[in-house]
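Visitor: Handing you this structure, nothing more for now.
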Amino acid sequence: MSERTHLKVDTSQVPDAGSTESLRNLGGQDTPSTREKKRRWRKKLLYLVAAKQFLEQKKLQPLGWKAGSMALIKSTWLNWLFLFVVVLPFVQGREGARFAFGSIALLPLATLLGDVTEKVAYHTTDTIGGLLNATFGNATEVIVSIFAMRLGLIDVVQSSLLGSVLSNMLLVLGTAFVAAGMKKKVAKFNRLAASANTSLLLVVVLAIAVPAVLSASQEIEKPELKAFSHGVAVIMLLLYGLYLFFQLSSHAYIFEDDEDASPKSPSRRARGEAGFQQVVLAAAHANRLPPFDGSYPELEEDDDDEFVLAPNVAIAWLALLTLLISLLSKVICDAIEGAALAWNLPRAFVGFVLLPIVGNAAEHATAIGMAYREKLDLAIAVALGSSTQIALFVIPLMVVIGWLLPGLDNDMTLDFPPFETTVTMLSVIIVAFQVQVGEVTYLSGFVLVVAYVIIALSFVYLHRKVEMIPVPGDPVRRALRGSY
């Protein structure tokens, strides 16, 4: 670093630093005390320059309707898949094709809904932003489930919700582990955050296993089972609220990336010297000082917010996407039974395997990309976090909606089919064993993927008689229900 280079900094903003004149007066002295004062001075000045530079980089100008919409549409190539919606009017009466094209068109909408939710959260506090992400992040599953419930497809709703949990927990998490294992022989992650999610998933398994056992033993009447499910669903929603407070407020540092850990954590204090070196590099870059080794990899920040939407634009897009997802969800739900018959597949396979894969495609791509870039904690947060939200929030929410919403007084309870309940319980136990050591290899990922393949194949051969449920709608479609 050149001795004549002057740092661009307002020294009046540096607390307890004195003045530049006081620093200049130290030039003729060369004692351990003066050297320590100079070192502290340089550290404070460099820190101020780096902080100012980082804050300037964070100031993103919100985009208006035209520029923001174009940036949002061009953000990913997946958005072009929405064009498949124009095919739907030409495949009337072909339920298999309508289900396939509708599912493909739904994929970019689900991805955009998550992105727009983050844009709205950008203008709020961290707590409100977390609540928005937690709520609208699963809006697709909620909307599809409501339309399926209106058609009386209770078994499809139950299968698709548990299928979403297992898809994230086994397929998404497993492929993320494989990607991380291909990059490093042993990949380490935050064991405490992962264990918090698996513990909550075990509680959900208990909540759905107890009604299944009571129903199978015929020791409880149907009205009592409904009342029990309603009470447990409310308790699960309260537990989810406690989990949000734990994750976003009281113990937020546990769920943050290691580089953003709590200042009070031992790992943060142990990285003090390395952090100062990064500050030096940042300050040198900000003041156009001679380069160190020709590059500044420490200055490269991952910023998911490449652009920011104005609040009114983000809210308008949120409403528009919710409406489009609702319309497509109705098309998909209307075609489920016809697609199962056309493809000669059990309806349970369509609900447990196909619908969750479509709904979780965005999480799948995100988790794999994060894991391959050696950000395994973020990948686990996406996979296990989504599983926890669906299990602890969406499932009980659907029970409460079926209970309270007019016209949906149906058999949506926590009494899930015994087979789905059993494989969910075993899957949670497998995942809990995999994450308890805090490090994984690619073999750990293949274990989870193979477990999911085994479960998915079992649904190809699962044929059960579905009891007809009187619901408003087409009586011809209701007559199609039977054994498939």
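Just remember, in the structure tokens the first chain shown is A, the second B, etc., residues are 1-based per chain, and ligands are 1-based in the order shown.
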Counting only C-alpha atoms, what is within 9 Å of Val172 in chain A, bar same-chain residues fewer than 4 positions away, as a list in words?

Guide: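 Near Val172 in chain A, the qualifying residues are Leu166, Ser167, Asn168, Ala176, Phe177, Asn360, Ala361, Glu363, His364, Ala365, Ala367, Ile368, Ala379, Val382, Ala383, Leu384, Leu448 and Val449 of chain A.
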
Visitor: Wanna dump the range 365-437 of chain A-range 453-463 of chain A contacts at 10 Å for me, each residue with its shortest atom pair and the distance in Å to one decimal, counting only C-alpha atoms, ordered by chain and number, as a tab-separated table?

Guide:
residue	atom	partner	partner_atom	distance
A:Phe419	CA	A:Leu462	CA	9.6
A:Glu420	CA	A:Ile455	CA	9.3
A:Val423	CA	A:Ile455	CA	7.3
A:Thr424	CA	A:Ile455	CA	9.6
A:Ser427	CA	A:Ile455	CA	9.5

Visitor: Can you tell me which residues surround range 84-94 of chain A at a distance of at most 10 Å, considering only C-alpha atoms, apart from same-chain residues fewer than 5 positions away, and format the answer as a list of chain:residue names?

Guide: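 These residues fall inside the cut-off: A:Phe99, A:Ala100, A:Phe101, A:Gly102, A:Ser103, A:Ile104, A:Ala105, A:Leu106, A:Leu328, A:Val331, A:Ala335, A:Gly338, A:Ala339, A:Ala342.
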
Visitor: Which of these, A:Val203, A:Val186, A:Leu414, A:Ala194, has the shortest distance to Phe433 in chain A once you count only C-alpha atoms?

Guide: A:Ala194

Visitor: I'd like the interatomic distance between CA of Ala179 in chain A and CA of Tyr372 in chain A, to a tenth of an Å.

Guide: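 Separation of CA of Ala179 in chain A and CA of Tyr372 in chain A: 5.1 Å.
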
Visitor: Would you mind telling me which residue in A:Leu404, A:Glu374, A:Ile429, A:Ile332 lies nearest to Ala97 in chain A when using only C-alpha atoms?

Guide: A:Ile332

Visitor: What's the 8 Å shell around range 391-403 of chain A, counting only C-alpha atoms, without same-chain residues fewer than 5 positions away, as a count of residues only?

Guide: 28

Visitor: Using only C-alpha atoms, which of A:Thr34, A:Thr175, A:Ser160, A:Thr117 sits nearest Val353 in chain A?

Guide: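 When distances to Val353 in chain A are compared using only C-alpha atoms, the smallest one comes from A:Ser160.
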
Visitor: For CA of Phe255 in chain A and CA of Gly241 in chain A, quote the distance in Å rounded to one decimal.

Guide: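 Interatomic distance here is 16.1 Å.
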
Visitor: Would you mind listing what lies within 12 Å of range 311-322 of chain A as JSON, numbers by chain, with only C-alpha atoms counted and same-chain residues fewer than 4 positions away left out?

Guide: {"A": [61, 62, 63, 64, 65, 66, 67, 68, 69, 70, 71, 72, 73, 82, 106, 107, 108, 109, 110, 111, 112, 113, 114, 115, 116, 117, 118, 119, 120, 121, 122, 123, 124, 132, 133, 136, 137, 138, 139, 140, 141, 142, 143, 144, 307, 326, 327, 328, 329]}
